[in-house]
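Visitor: One structure coming up, written as structure tokens, with questions to follow.
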Amino acid sequence: MDWARSLASEPAYRRDVLLLAGDVSDKLDIFQETLAVLAGSFGAVFFVPGNHDLWCRRDGSDGADSLDKLRRLDEICSDLGVLTTPQRVAMADGGCVSILPLLSFHHSSFDTEPDVTGLRLPSARAIVSDYKATRWPEALVCGEVALAQWLDDENDTLPGARATAQAQGRSGIEPLLSYGEARDGGAHLISFSHFLPRIELIPEKRFLIYPPLMSAVGSDPLGRRMASVRPDVHVFGHTHFGWDAAIDGVRYVQAALATPSERAGRPGSLQVGEAPVGVDGAAMPLRLYDSDAGGFCAPHMASWSEYYASNPRTPAVTEPAPWVLAHYRRRA
């Protein structure tokens, strides 16, 4: 919250658009307060939920299940003027950018790479909190592709009437009535999601402290939608690895705020470019598009995407990296 409040002291942000790729808070009151601060600090804020936002309290006070909570989050956003639907935004340079928030959720079959060898670790189902902290209607199960597909299908309800309602009375904001309109008028196109649309956007399992994490990070339905909309830039979150790389003509960017312990323990893997640092060592928002400069900002250096710019992905190598082995030896 201190980080969000610190942005309110920067008047320049009031002409900017903020893309918020989820995991604000699992608590509705903190979520609402944070979004209110950000909505008052920026010209426009777009939001898509992450897994933490969809966690439910056992007493049902924040929703009967995670879909009910999703509806409550959307209501809060609409009340605060935070955008959760596809819109075309007029830029100061006379151009425009279409922004597409994309709902998604992870499923285990997204992970198609071999498991590491030499480590005996509990499964993601036993470790990842989503399996206990989210609740779904009976037909939908956390970790299964049917849930990821259901949420992806919800994206088809966002253009049109829902987008029009959110854009009403907003200067410089024009609702998209269909995804097919996103490029109209020569608009640039930015999409964003919490989860990963491609497995290439996370280091290989051998580099991860907890390799089974790979089964709880991405969505194939999201990947198929991405292939259909073909944005210029796609912003994602969830894994907390700094990233800025182009794959098949799309630029993929992650600039995670992360937790204080992550910022202290592994700043190098979080950093994206030379973003200024604010409260508690947290990076300030990363600039993607600069209308004063006439378009998208140049790619930023990030350690893992730089690594893969020079090294092919070799998931068939399944021996854990030295730092992974050292981590588990210390814990033995």
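By order in the structure tokens, chains are A, B, ...; within a chain, residues start at 1; ligands start at 1, following the order shown.
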What residues in region 4-196 of chain A get the DSSP label helix (DSSP H, G or I)? Please answer as a ChimeraX atom specification.
Guide: /A:4-7,11-15,28-41,52-54,66-80,108-110,124-127,130-133,145-157,161-167,179-181,184-186
Visitor: Run DSSP on the backbone of this structure and report the residues of region 113-303 of chain A it assigns to strand (DSSP E or B), as a ChimeraX atom specification.
Guide: /A:143,173-175,188-192,196,218,233-235,243-247,250-254,272,277,283,289-290,295-296,302
Visitor: Suppose you want the space between CA of Ala293 (chain A) and CA of Leu20 (chain A); what is it in Å?
Guide: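 About the pair CA of Ala293 (chain A) and CA of Leu20 (chain A): they are 22.8 Å apart.
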Visitor: To one decimal place, how far is CA of Arg330 (chain A) from CA of Pro114 (chain A) in Å?
Guide: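 So the answer is 25.0 Å.
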Visitor: Pick out the closest residue to Glu144 (chain A) from this set: A:Val89, A:Gly218, A:Pro175, A:Ser191. Count only C-alpha atoms.
Guide: A:Gly218
Visitor: Can you work out the spacing between CA of Ala148 (chain A) and CA of Leu121 (chain A) in Å, to one decimal?
Guide: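 According to the coordinates, CA of Ala148 (chain A) and CA of Leu121 (chain A) are separated by 25.2 Å.
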Visitor: Which of these, A:Thr84, A:Ser291, A:Ser109, A:Ser104, has the shortest distance to Leu158 (chain A) once you count only C-alpha atoms?
Guide: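 Between A:Thr84, A:Ser291, A:Ser109, A:Ser104, the residue approaching Leu158 (chain A) most closely is A:Thr84.
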Visitor: Which residue out of A:Gln87, A:Ser61, A:Thr318, A:Ser310 has the minimum interatomic distance to Thr164 (chain A) when only C-alpha atoms are used?
Guide: A:Gln87
Visitor: Pick from A:Ala321, A:Ile76, A:Val24, A:Val82: nearest to Gln166 (chain A), with only C-alpha atoms counted?
Guide: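 Smallest distance to Gln166 (chain A) is found for A:Val82.
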Visitor: Region 252-256 of chain A: which residues within 10 Å, counting only C-alpha atoms, same-chain residues fewer than 3 positions away excluded, as a PyMOL selection string?
Guide: chain A and resi 20-21+190-192+194+196-198+201+231-247+249+259+263+270-273+275+282-288+299-300+302+305
Visitor: Using only C-alpha atoms, which of the listed residues (A:Leu73, A:Ala182, A:Leu67, A:Leu213) sits closest to Trp150 (chain A)?
Guide: A:Leu67
Visitor: Write out as CSV the residues of region 66-153 of chain A that have any atom within 12 Å of an atom of region 46-54 of chain A, one row each with the nearest atom pair and its distance in Å to one decimal, counting only C-alpha atoms, sorted by chain and then rising number.
Guide:
```
residue,atom,partner,partner_atom,distance
A:Ser66,CA,A:Leu54,CA,5.3
A:Leu67,CA,A:Leu54,CA,7.8
A:Asp68,CA,A:Leu54,CA,9.1
A:Lys69,CA,A:Leu54,CA,6.3
A:Leu70,CA,A:Leu54,CA,6.4
A:Arg71,CA,A:Leu54,CA,10.1
A:Arg72,CA,A:Leu54,CA,10.0
A:Leu73,CA,A:Pro49,CA,8.2
A:Asp74,CA,A:Pro49,CA,9.2
A:Ile76,CA,A:Phe47,CA,11.2
A:Cys77,CA,A:Phe47,CA,8.0
A:Ser78,CA,A:Phe47,CA,10.6
A:Leu80,CA,A:Phe46,CA,11.2
A:Gly81,CA,A:Phe46,CA,9.2
A:Val82,CA,A:Phe46,CA,5.8
A:Leu83,CA,A:Phe46,CA,4.6
A:Thr84,CA,A:Phe47,CA,5.4
A:Thr85,CA,A:Phe46,CA,8.0
A:Pro86,CA,A:Phe46,CA,9.1
A:Gln87,CA,A:Phe46,CA,9.4
A:Arg88,CA,A:Phe46,CA,11.7
A:Val89,CA,A:Phe46,CA,11.1
A:Ser98,CA,A:Phe46,CA,11.6
A:Ile99,CA,A:Phe46,CA,8.3
A:Leu100,CA,A:Phe46,CA,8.8
A:Pro101,CA,A:Val48,CA,5.8
A:Leu102,CA,A:Val48,CA,6.6
A:Leu103,CA,A:Val48,CA,6.3
A:Ser104,CA,A:Gly50,CA,8.2
A:Phe105,CA,A:Asn51,CA,7.3
A:His106,CA,A:Asn51,CA,8.7
A:His107,CA,A:Asn51,CA,11.9
A:Val128,CA,A:Asn51,CA,10.6
A:Ser129,CA,A:His52,CA,9.0
A:Asp130,CA,A:Asn51,CA,6.9
A:Tyr131,CA,A:Asn51,CA,10.3
A:Lys132,CA,A:Leu54,CA,11.4
A:Ala133,CA,A:Leu54,CA,8.2
A:Thr134,CA,A:Leu54,CA,6.3
A:Arg135,CA,A:Leu54,CA,8.5
A:Trp136,CA,A:Leu54,CA,10.1
A:Cys142,CA,A:Asn51,CA,10.6
A:Gly143,CA,A:Asn51,CA,11.7
A:Ala148,CA,A:Asn51,CA,11.8
A:Leu151,CA,A:Pro49,CA,11.1
```
